[in-house]
Amino acid sequence: MTNKLNATYEPNTVEAKIYQKWEESGYFAPEAHQPRAGNPNSKKTFCIIMPPPNANGALHVGHALFVTLEDIMIRFQRMRGKITLWLPGADHAGFETQVVFDKKLEKEGKKRSDFSREELYQKIWDFTQENKKVMENQLRKLGASCDWSREKFTLDPDIVDKVEDTFIKLYEDGLIYRGNRIVNWCVKHQTTLSDLEIRYEERTDSLYYIKYGPLELATVRPETKFGDTAVAVNPKDKRYKHLIGKEIEFETLLGTAKMKVIADTAVDPAFGTGVIKVTPAHDPVDFDIGLRHQLEVRQVIDKTGRLNEKTGPYAGLKVAEARTKVAEDMKAKGLLIKIDPDYKHNVAVCYKCGNIVEPLVMPQWYVATTKLSRNQKSKIKNKNVGKSLRDMAVEAVKSKQIKIIPKKQENVFFHWMKSLKDWNISRQITWGIRIPAWFRNEQEIVVSKSKPEGDGWMQDPDVLDTWFSSGQWPFATLMTTGHQSRLNSKFKIQNSKFKIQN
Ligand SMILES: [Zn+2]
């Protein structure tokens with residue numbers, strides 16, 4: 001008896017059954033490995049931790065590409081006789097998912113604030129679990145030969161536990177600290193953003209030349225003048241040498257003001273008149289100048305992007321409205337010299353909504369990248385004491401503990417490391433791993449997984465930047481799976497979520 005093949009291939013009738021057989025056989029798990037006599041690869045391992053797709057929508061063609069490539073690598077090594085592990089997972093994708101969910105709510109005529117924190121968290125949880133199922137089936141349809149018995153989600157309790165351990169360890173080592181520093185604030189999304197979550201766009205704006213007593217200076221943001229706490233010039237600029245260190249008195253929209261003239265190399269003598277106003281509360285460069293010269297940080301814009309009570313009659317106006325009004329009033333008072341309407345400059349915007357990022361000074365948790373690690377609490381000998389996270393990362397690549405392929409990209413990595421700044425890891429959203437820190441009376445802070453003894457403790461309402469946990473994915477997944485066979489300790493990490501973009 002012969003079975004006739006169909007004239008056309010119909011994957012629907014064949015592939016699901018085959019995949020089911022593969023999966024049921026347990027063949028993709030490293031435990032199924034059969035050493036072959038005489039094969040030198042039999043004891044070697046090969047492992048890829050799948051970069052976990054975001055559990056907030058269906059897979060896209062980019063996922064299909066990486067899954068195909070990784071599947072080829074894994075199958076190739078498996079056929080060569082190596083013990084292989086391809087560990088799949090799904091990413092809760094903090095801010096990304098919250099943005100997708102916000103849009104979903106918007107379509108339903110609802111908003112975040114309609115729900116309690118717990119309700120909102122549960123709703124997003126259910127939303128991601130549904131998406132996760134779709135995504136897992138799509139991976140199966142792609143024929144991915146991953147080990148589903150080890151699948152992890154970035155919010156699995158054991159993963160969260162590891163992430164909290166890391167936070168506590170870094171805090172005890174002095175590498176995580178609470179700092180009142182300038183952050184990137186998205187007025188629409190009501191959260192801070194990392195430097196990687198902002199885009200720069202070239203814009204044409206007006207450059208306002210304004211009078212500060214004996215000085216003239218140029219600014220694109222006259223509305224922030226209420227937060228100025230100094231004027232600055234370049235120390236090498238001969239035009240202003242006689243004024244450095246002196247206090248100038250001048251007329252403003254809110255009466256007479258006195259301000260010190262400081263010298264700082266961050267001032268570009270070629271910009272405008274070579275004099276800048278320093279607003280430490282609302283500009284990252286000015287914030288750093290303020291730190292160097294111990295200037296007062298006077299906040300005049302609030303989290304909703306409006307001017308606050310310190311601006312007198314301008315309080316309540318949105319930044320853009322205030323800019324126009326302030327310029328008009330300065331003109332009427334003879335304080336505005338001229339306007340250059342075609343000033344081209346780069347403006348930082350939120351990578352999701354495109355709104356201009358408002359720099360604000362807020363207390364947040366930071367990962368210190370250049371501070372040296374100390375180890376006061378732990379009695380375990382730690383070879384990294386006295387090194388910064390940057391030192392450790394650079395050393396790992398230089399010593400070939402981590403290989404970057406292709407090698408020429410190493411320089412990109414070293415360049416990143418050189419310009420590394422401290423990383424703000426607090427996010428003012430609900431969806432994510434809540435920061436294991438507790439506050440009492442605005443002064444006491446305890447870093448702990450559980451509520452400290454005594455009354456009045458409140459857990460930090462913020463969650464961790466999703467990359468704080470994603471960065472731990474390679475080891476957190478291996479530490480929380482495969483306990484029975486103890487095979488996990490043999491796997492080296494061949495791949496992780498980190499990629500250097502060309
Ligand atoms: Zn935004």
# chains A, B, ... in the order shown; residues from 1 in each chain; ligands from 1
call {"tool": "select_by_dssp", "arguments": {"residues": "segment 169-402 of chain A", "states": "helix (DSSP H, G or I)", "output": "number ranges by chain"}}
result
A: 169-172, 195-197, 222-227, 238-243, 284-292, 309-314, 319-332, 389-398
call {"tool": "residues_near_ligand", "arguments": {"ligand": "ligand 1", "cutoff": "7 Å", "atoms": "only C-alpha atoms and all ligand atoms", "output": "ChimeraX atom specification"}}
result
/A:186-189,350-355
call {"tool": "atom_distance", "arguments": {"atom1": "atom CA of Tyr209 of chain A", "atom2": "atom CA of Lys303 of chain A"}}
result
27.5 Å
call {"tool": "select_by_dssp", "arguments": {"residues": "segment 269-353 of chain A", "states": "strand (DSSP E)", "output": "tab-separated table (two decimals) with all heavy atoms, in the first residue's frame"}}
result
chain	number	residue	atom	x	y	z
A	275	VAL	N	28.12	84.27	27.96
A	275	VAL	CA	27.64	84.27	29.34
A	275	VAL	C	26.41	83.36	29.39
A	275	VAL	O	25.58	83.40	28.48
A	275	VAL	CB	27.18	85.69	29.80
A	275	VAL	CG1	26.77	85.68	31.26
A	275	VAL	CG2	28.28	86.71	29.55
A	276	ILE	N	26.30	82.52	30.41
A	276	ILE	CA	25.07	81.73	30.54
A	276	ILE	C	24.46	81.94	31.92
A	276	ILE	O	25.16	82.28	32.88
A	276	ILE	CB	25.30	80.21	30.30
A	276	ILE	CG1	26.28	79.62	31.34
A	276	ILE	CG2	25.77	79.93	28.89
A	276	ILE	CD1	26.22	78.11	31.43
A	277	LYS	N	23.15	81.75	31.97
A	277	LYS	CA	22.49	81.74	33.27
A	277	LYS	C	22.55	80.30	33.77
A	277	LYS	O	22.46	79.37	32.97
A	277	LYS	CB	21.05	82.24	33.15
A	277	LYS	CG	20.15	81.41	32.24
A	277	LYS	CD	18.86	82.16	32.00
A	277	LYS	CE	17.70	81.21	31.74
A	277	LYS	NZ	17.42	80.25	32.77
A	278	VAL	N	22.73	80.11	35.06
A	278	VAL	CA	22.86	78.75	35.59
A	278	VAL	C	21.60	78.39	36.37
A	278	VAL	O	21.26	79.03	37.36
A	278	VAL	CB	24.11	78.62	36.49
A	278	VAL	CG1	24.34	77.16	36.88
A	278	VAL	CG2	25.35	79.17	35.79
A	336	LEU	N	14.57	92.53	27.38
A	336	LEU	CA	14.83	91.64	26.24
A	336	LEU	C	15.55	92.44	25.16
A	336	LEU	O	15.05	93.47	24.70
A	336	LEU	CB	13.50	91.09	25.70
A	336	LEU	CG	13.59	90.09	24.56
A	336	LEU	CD1	14.15	88.76	25.03
A	336	LEU	CD2	12.21	89.88	23.95
A	337	ILE	N	16.73	91.97	24.77
A	337	ILE	CA	17.53	92.73	23.79
A	337	ILE	C	17.11	92.38	22.37
A	337	ILE	O	16.81	93.23	21.56
A	337	ILE	CB	19.03	92.46	24.00
A	337	ILE	CG1	19.41	92.86	25.43
A	337	ILE	CG2	19.88	93.23	23.00
A	337	ILE	CD1	20.58	92.10	25.99
A	338	LYS	N	17.11	91.08	22.07
A	338	LYS	CA	16.69	90.65	20.72
A	338	LYS	C	16.33	89.17	20.74
A	338	LYS	O	16.64	88.46	21.71
A	338	LYS	CB	17.80	90.91	19.70
A	338	LYS	CG	19.07	90.12	19.96
A	338	LYS	CD	20.04	90.22	18.79
A	338	LYS	CE	21.29	89.42	19.12
A	338	LYS	NZ	22.27	89.30	18.11
A	339	ILE	N	15.68	88.73	19.66
A	339	ILE	CA	15.35	87.30	19.53
A	339	ILE	C	15.90	86.80	18.21
A	339	ILE	O	15.65	87.40	17.16
A	339	ILE	CB	13.81	87.06	19.55
A	339	ILE	CG1	13.19	87.57	20.86
A	339	ILE	CG2	13.49	85.58	19.36
A	339	ILE	CD1	11.67	87.51	20.89
A	340	ASP	N	16.68	85.70	18.27
A	340	ASP	CA	17.12	85.04	17.04
A	340	ASP	C	16.12	83.90	16.80
A	340	ASP	O	16.13	82.92	17.54
A	340	ASP	CB	18.55	84.52	17.24
A	340	ASP	CG	18.99	83.59	16.12
A	340	ASP	OD1	18.23	83.41	15.15
A	340	ASP	OD2	20.10	83.02	16.23
A	341	PRO	N	15.24	84.02	15.79
A	341	PRO	CA	14.16	83.03	15.65
A	341	PRO	C	14.60	81.71	15.02
A	341	PRO	O	13.83	80.76	14.98
A	341	PRO	CB	13.15	83.75	14.75
A	341	PRO	CG	13.98	84.71	13.95
A	341	PRO	CD	15.19	85.06	14.75
A	342	ASP	N	15.82	81.63	14.50
A	342	ASP	CA	16.25	80.43	13.77
A	342	ASP	C	17.38	79.68	14.45
A	342	ASP	O	18.32	79.25	13.81
A	342	ASP	CB	16.69	80.82	12.34
A	342	ASP	CG	15.54	81.35	11.54
A	342	ASP	OD1	14.46	80.73	11.61
A	342	ASP	OD2	15.71	82.39	10.88
A	343	TYR	N	17.29	79.54	15.74
A	343	TYR	CA	18.37	78.85	16.44
A	343	TYR	C	18.13	77.34	16.38
A	343	TYR	O	17.11	76.83	16.85
A	343	TYR	CB	18.43	79.34	17.90
A	343	TYR	CG	19.47	78.63	18.72
A	343	TYR	CD1	20.83	78.73	18.42
A	343	TYR	CD2	19.10	77.83	19.80
A	343	TYR	CE1	21.78	78.06	19.16
A	343	TYR	CE2	20.05	77.16	20.56
A	343	TYR	CZ	21.38	77.28	20.23
A	343	TYR	OH	22.32	76.61	20.96
A	344	LYS	N	19.09	76.63	15.78
A	344	LYS	CA	18.97	75.16	15.66
A	344	LYS	C	19.72	74.49	16.80
A	344	LYS	O	20.88	74.82	17.06
A	344	LYS	CB	19.58	74.70	14.32
A	344	LYS	CG	18.67	74.93	13.15
A	344	LYS	CD	19.16	74.16	11.93
A	344	LYS	CE	18.18	74.23	10.78
A	344	LYS	NZ	17.78	75.58	10.39
A	345	HIS	N	19.06	73.58	17.47
A	345	HIS	CA	19.73	72.85	18.56
A	345	HIS	C	19.07	71.49	18.77
A	345	HIS	O	18.01	71.21	18.22
A	345	HIS	CB	19.71	73.68	19.85
A	345	HIS	CG	18.33	73.91	20.41
A	345	HIS	ND1	18.06	73.92	21.75
A	345	HIS	CD2	17.14	74.12	19.79
A	345	HIS	CE1	16.77	74.14	21.94
A	345	HIS	NE2	16.19	74.27	20.78
A	346	ASN	N	19.75	70.63	19.54
A	346	ASN	CA	19.20	69.30	19.81
A	346	ASN	C	18.39	69.32	21.10
A	346	ASN	O	18.85	69.85	22.12
A	346	ASN	CB	20.34	68.29	19.94
A	346	ASN	CG	20.89	67.92	18.59
A	346	ASN	OD1	20.15	67.86	17.60
A	346	ASN	ND2	22.19	67.71	18.51
A	347	VAL	N	17.21	68.73	21.02
A	347	VAL	CA	16.32	68.71	22.18
A	347	VAL	C	16.08	67.25	22.57
A	347	VAL	O	15.83	66.40	21.71
A	347	VAL	CB	14.98	69.40	21.82
A	347	VAL	CG1	14.00	69.33	22.98
A	347	VAL	CG2	15.22	70.84	21.42
A	348	ALA	N	16.14	66.96	23.88
A	348	ALA	CA	15.89	65.60	24.36
A	348	ALA	C	14.39	65.35	24.45
A	348	ALA	O	13.66	66.15	25.04
A	348	ALA	CB	16.54	65.41	25.73
A	349	VAL	N	13.93	64.25	23.82
A	349	VAL	CA	12.51	63.91	23.90
A	349	VAL	C	12.35	62.46	24.39
A	349	VAL	O	13.26	61.65	24.26
A	349	VAL	CB	11.79	64.07	22.53
A	349	VAL	CG1	11.86	65.50	22.04
A	349	VAL	CG2	12.35	63.12	21.48
A	350	CYS	N	11.17	62.17	24.95
A	350	CYS	CA	10.85	60.80	25.41
A	350	CYS	C	10.79	59.89	24.18
A	350	CYS	O	10.15	60.22	23.19
A	350	CYS	CB	9.51	60.82	26.14
A	350	CYS	SG	8.80	59.19	26.45
call {"tool": "atom_distance", "arguments": {"atom1": "atom CA of Leu59 of chain A", "atom2": "atom CA of Lys132 of chain A"}}
result
10.0 Å
call {"tool": "closest_residue", "arguments": {"among": "A:Gly179, A:Pro313, A:Pro280, A:Gly143", "to": "Lys17 of chain A", "atoms": "only C-alpha atoms"}}
result
A:Gly143
call {"tool": "atom_distance", "arguments": {"atom1": "atom CA of Lys111 of chain A", "atom2": "atom CA of Gln98 of chain A"}}
result
11.4 Å
call {"tool": "residues_around", "arguments": {"residues": "Pro235 of chain A", "least_positions_apart": "3", "cutoff": "7 Å", "atoms": "only C-alpha atoms", "output": "PDB file with N, CA, C and O atoms, in the first residue's frame"}}
result
ATOM      1  N   ALA A 263      33.077  81.211  37.231  1.00  0.00           N
ATOM      2  CA  ALA A 263      33.829  80.791  36.044  1.00  0.00           C
ATOM      3  C   ALA A 263      33.828  79.273  35.984  1.00  0.00           C
ATOM      4  O   ALA A 263      34.138  78.609  36.973  1.00  0.00           O
ATOM      5  N   ASP A 264      33.431  78.724  34.828  1.00  0.00           N
ATOM      6  CA  ASP A 264      33.394  77.266  34.689  1.00  0.00           C
ATOM      7  C   ASP A 264      33.735  76.897  33.246  1.00  0.00           C
ATOM      8  O   ASP A 264      33.242  77.526  32.303  1.00  0.00           O
ATOM      9  N   THR A 265      34.540  75.848  33.104  1.00  0.00           N
ATOM     10  CA  THR A 265      34.990  75.463  31.755  1.00  0.00           C
ATOM     11  C   THR A 265      33.858  74.888  30.903  1.00  0.00           C
ATOM     12  O   THR A 265      34.008  74.738  29.694  1.00  0.00           O
TER      13      THR A 265
END
call {"tool": "closest_atom_pairs", "arguments": {"of": "segment 164-261 of chain A", "to": "segment 465-478 of chain A", "cutoff": "10 Å", "atoms": "only C-alpha atoms", "output": "CSV"}}
result
residue,atom,partner,partner_atom,distance
A:Glu164,CA,A:Ser469,CA,9.0
A:Thr166,CA,A:Gln472,CA,8.6
A:Phe167,CA,A:Phe468,CA,8.9
A:Thr192,CA,A:Asp465,CA,9.5
A:Leu193,CA,A:Asp465,CA,8.6
A:Ser194,CA,A:Asp465,CA,8.2
call {"tool": "closest_residue", "arguments": {"among": "A:Ile429, A:Ile83, A:Leu420, A:Val394", "to": "Ser42 of chain A", "atoms": "only C-alpha atoms"}}
result
A:Ile83
call {"tool": "residues_around", "arguments": {"residues": "segment 255-262 of chain A", "least_positions_apart": "6", "cutoff": "8 Å", "atoms": "only C-alpha atoms", "output": "list of chain:residue names"}}
result
A:Thr229, A:Ala230, A:Val231, A:Ala232, A:Val233, A:Leu243, A:Ile244, A:Gly245, A:Lys246, A:Glu247, A:Ile248, A:Glu249, A:His293
call {"tool": "write_last_selection", "arguments": {"atoms": "N, CA, C and O atoms", "output": "mmCIF file, in the first residue's frame"}}
result
data_model
loop_
_atom_site.group_PDB
_atom_site.id
_atom_site.type_symbol
_atom_site.label_atom_id
_atom_site.label_comp_id
_atom_site.auth_asym_id
_atom_site.auth_seq_id
_atom_site.Cartn_x
_atom_site.Cartn_y
_atom_site.Cartn_z
ATOM 1 N N THR A 229 20.531 80.528 39.743
ATOM 2 C CA THR A 229 21.196 80.830 41.010
ATOM 3 C C THR A 229 22.623 81.341 40.800
ATOM 4 O O THR A 229 23.367 81.527 41.754
ATOM 5 N N ALA A 230 23.007 81.561 39.535
ATOM 6 C CA ALA A 230 24.302 82.185 39.223
ATOM 7 C C ALA A 230 24.331 82.518 37.739
ATOM 8 O O ALA A 230 23.474 82.055 36.976
ATOM 9 N N VAL A 231 25.303 83.336 37.340
ATOM 10 C CA VAL A 231 25.608 83.455 35.909
ATOM 11 C C VAL A 231 27.049 82.990 35.753
ATOM 12 O O VAL A 231 27.865 83.152 36.667
ATOM 13 N N ALA A 232 27.343 82.368 34.589
ATOM 14 C CA ALA A 232 28.672 81.778 34.438
ATOM 15 C C ALA A 232 29.326 82.191 33.128
ATOM 16 O O ALA A 232 28.651 82.426 32.119
ATOM 17 N N VAL A 233 30.651 82.260 33.176
ATOM 18 C CA VAL A 233 31.460 82.551 31.988
ATOM 19 C C VAL A 233 32.615 81.556 31.964
ATOM 20 O O VAL A 233 32.883 80.884 32.963
ATOM 21 N N LEU A 243 34.756 90.424 36.068
ATOM 22 C CA LEU A 243 33.507 90.203 36.823
ATOM 23 C C LEU A 243 33.490 88.892 37.614
ATOM 24 O O LEU A 243 32.644 88.686 38.485
ATOM 25 N N ILE A 244 34.446 88.004 37.294
ATOM 26 C CA ILE A 244 34.445 86.682 37.940
ATOM 27 C C ILE A 244 34.582 86.824 39.460
ATOM 28 O O ILE A 244 35.452 87.538 39.953
ATOM 29 N N GLY A 245 33.680 86.151 40.166
ATOM 30 C CA GLY A 245 33.707 86.193 41.633
ATOM 31 C C GLY A 245 32.915 87.352 42.209
ATOM 32 O O GLY A 245 32.654 87.398 43.411
ATOM 33 N N LYS A 246 32.511 88.284 41.347
ATOM 34 C CA LYS A 246 31.750 89.447 41.841
ATOM 35 C C LYS A 246 30.256 89.147 41.833
ATOM 36 O O LYS A 246 29.783 88.240 41.150
ATOM 37 N N GLU A 247 29.533 89.951 42.584
ATOM 38 C CA GLU A 247 28.087 89.800 42.598
ATOM 39 C C GLU A 247 27.490 90.921 41.752
ATOM 40 O O GLU A 247 27.907 92.071 41.883
ATOM 41 N N ILE A 248 26.555 90.551 40.880
ATOM 42 C CA ILE A 248 25.925 91.604 40.082
ATOM 43 C C ILE A 248 24.484 91.794 40.565
ATOM 44 O O ILE A 248 23.858 90.863 41.071
ATOM 45 N N GLU A 249 23.996 93.014 40.403
ATOM 46 C CA GLU A 249 22.625 93.302 40.808
ATOM 47 C C GLU A 249 21.869 93.694 39.550
ATOM 48 O O GLU A 249 22.407 94.434 38.716
ATOM 49 N N HIS A 293 30.134 74.336 42.128
ATOM 50 C CA HIS A 293 30.225 75.651 42.786
ATOM 51 C C HIS A 293 29.285 75.781 43.981
ATOM 52 O O HIS A 293 29.040 76.880 44.456
#
call {"tool": "closest_residue", "arguments": {"among": "A:Arg117, A:Arg239, A:Arg323, A:Arg298", "to": "Thr273 of chain A", "atoms": "only C-alpha atoms"}}
result
A:Arg239
call {"tool": "residues_around", "arguments": {"residues": "Thr128 of chain A", "least_positions_apart": "6", "cutoff": "12 Å", "atoms": "only C-alpha atoms", "output": "PyMOL selection string"}}
result
chain A and resi 53-58+90-94+96-98+100-101+121-122+134-136+153-155+431-432
call {"tool": "closest_residue", "arguments": {"among": "A:Thr324, A:Asn6, A:Tyr366, A:Val463", "to": "Ile433 of chain A", "atoms": "only C-alpha atoms"}}
result
A:Val463
call {"tool": "closest_atom_pairs", "arguments": {"of": "segment 172-245 of chain A", "to": "segment 436-455 of chain A", "cutoff": "12 Å", "atoms": "only C-alpha atoms", "output": "tab-separated table"}}
result
residue	atom	partner	partner_atom	distance
A:Glu172	CA	A:Val447	CA	9.0
A:Ile176	CA	A:Val447	CA	10.5
A:Tyr177	CA	A:Val447	CA	10.5
A:Arg178	CA	A:Ile445	CA	9.3
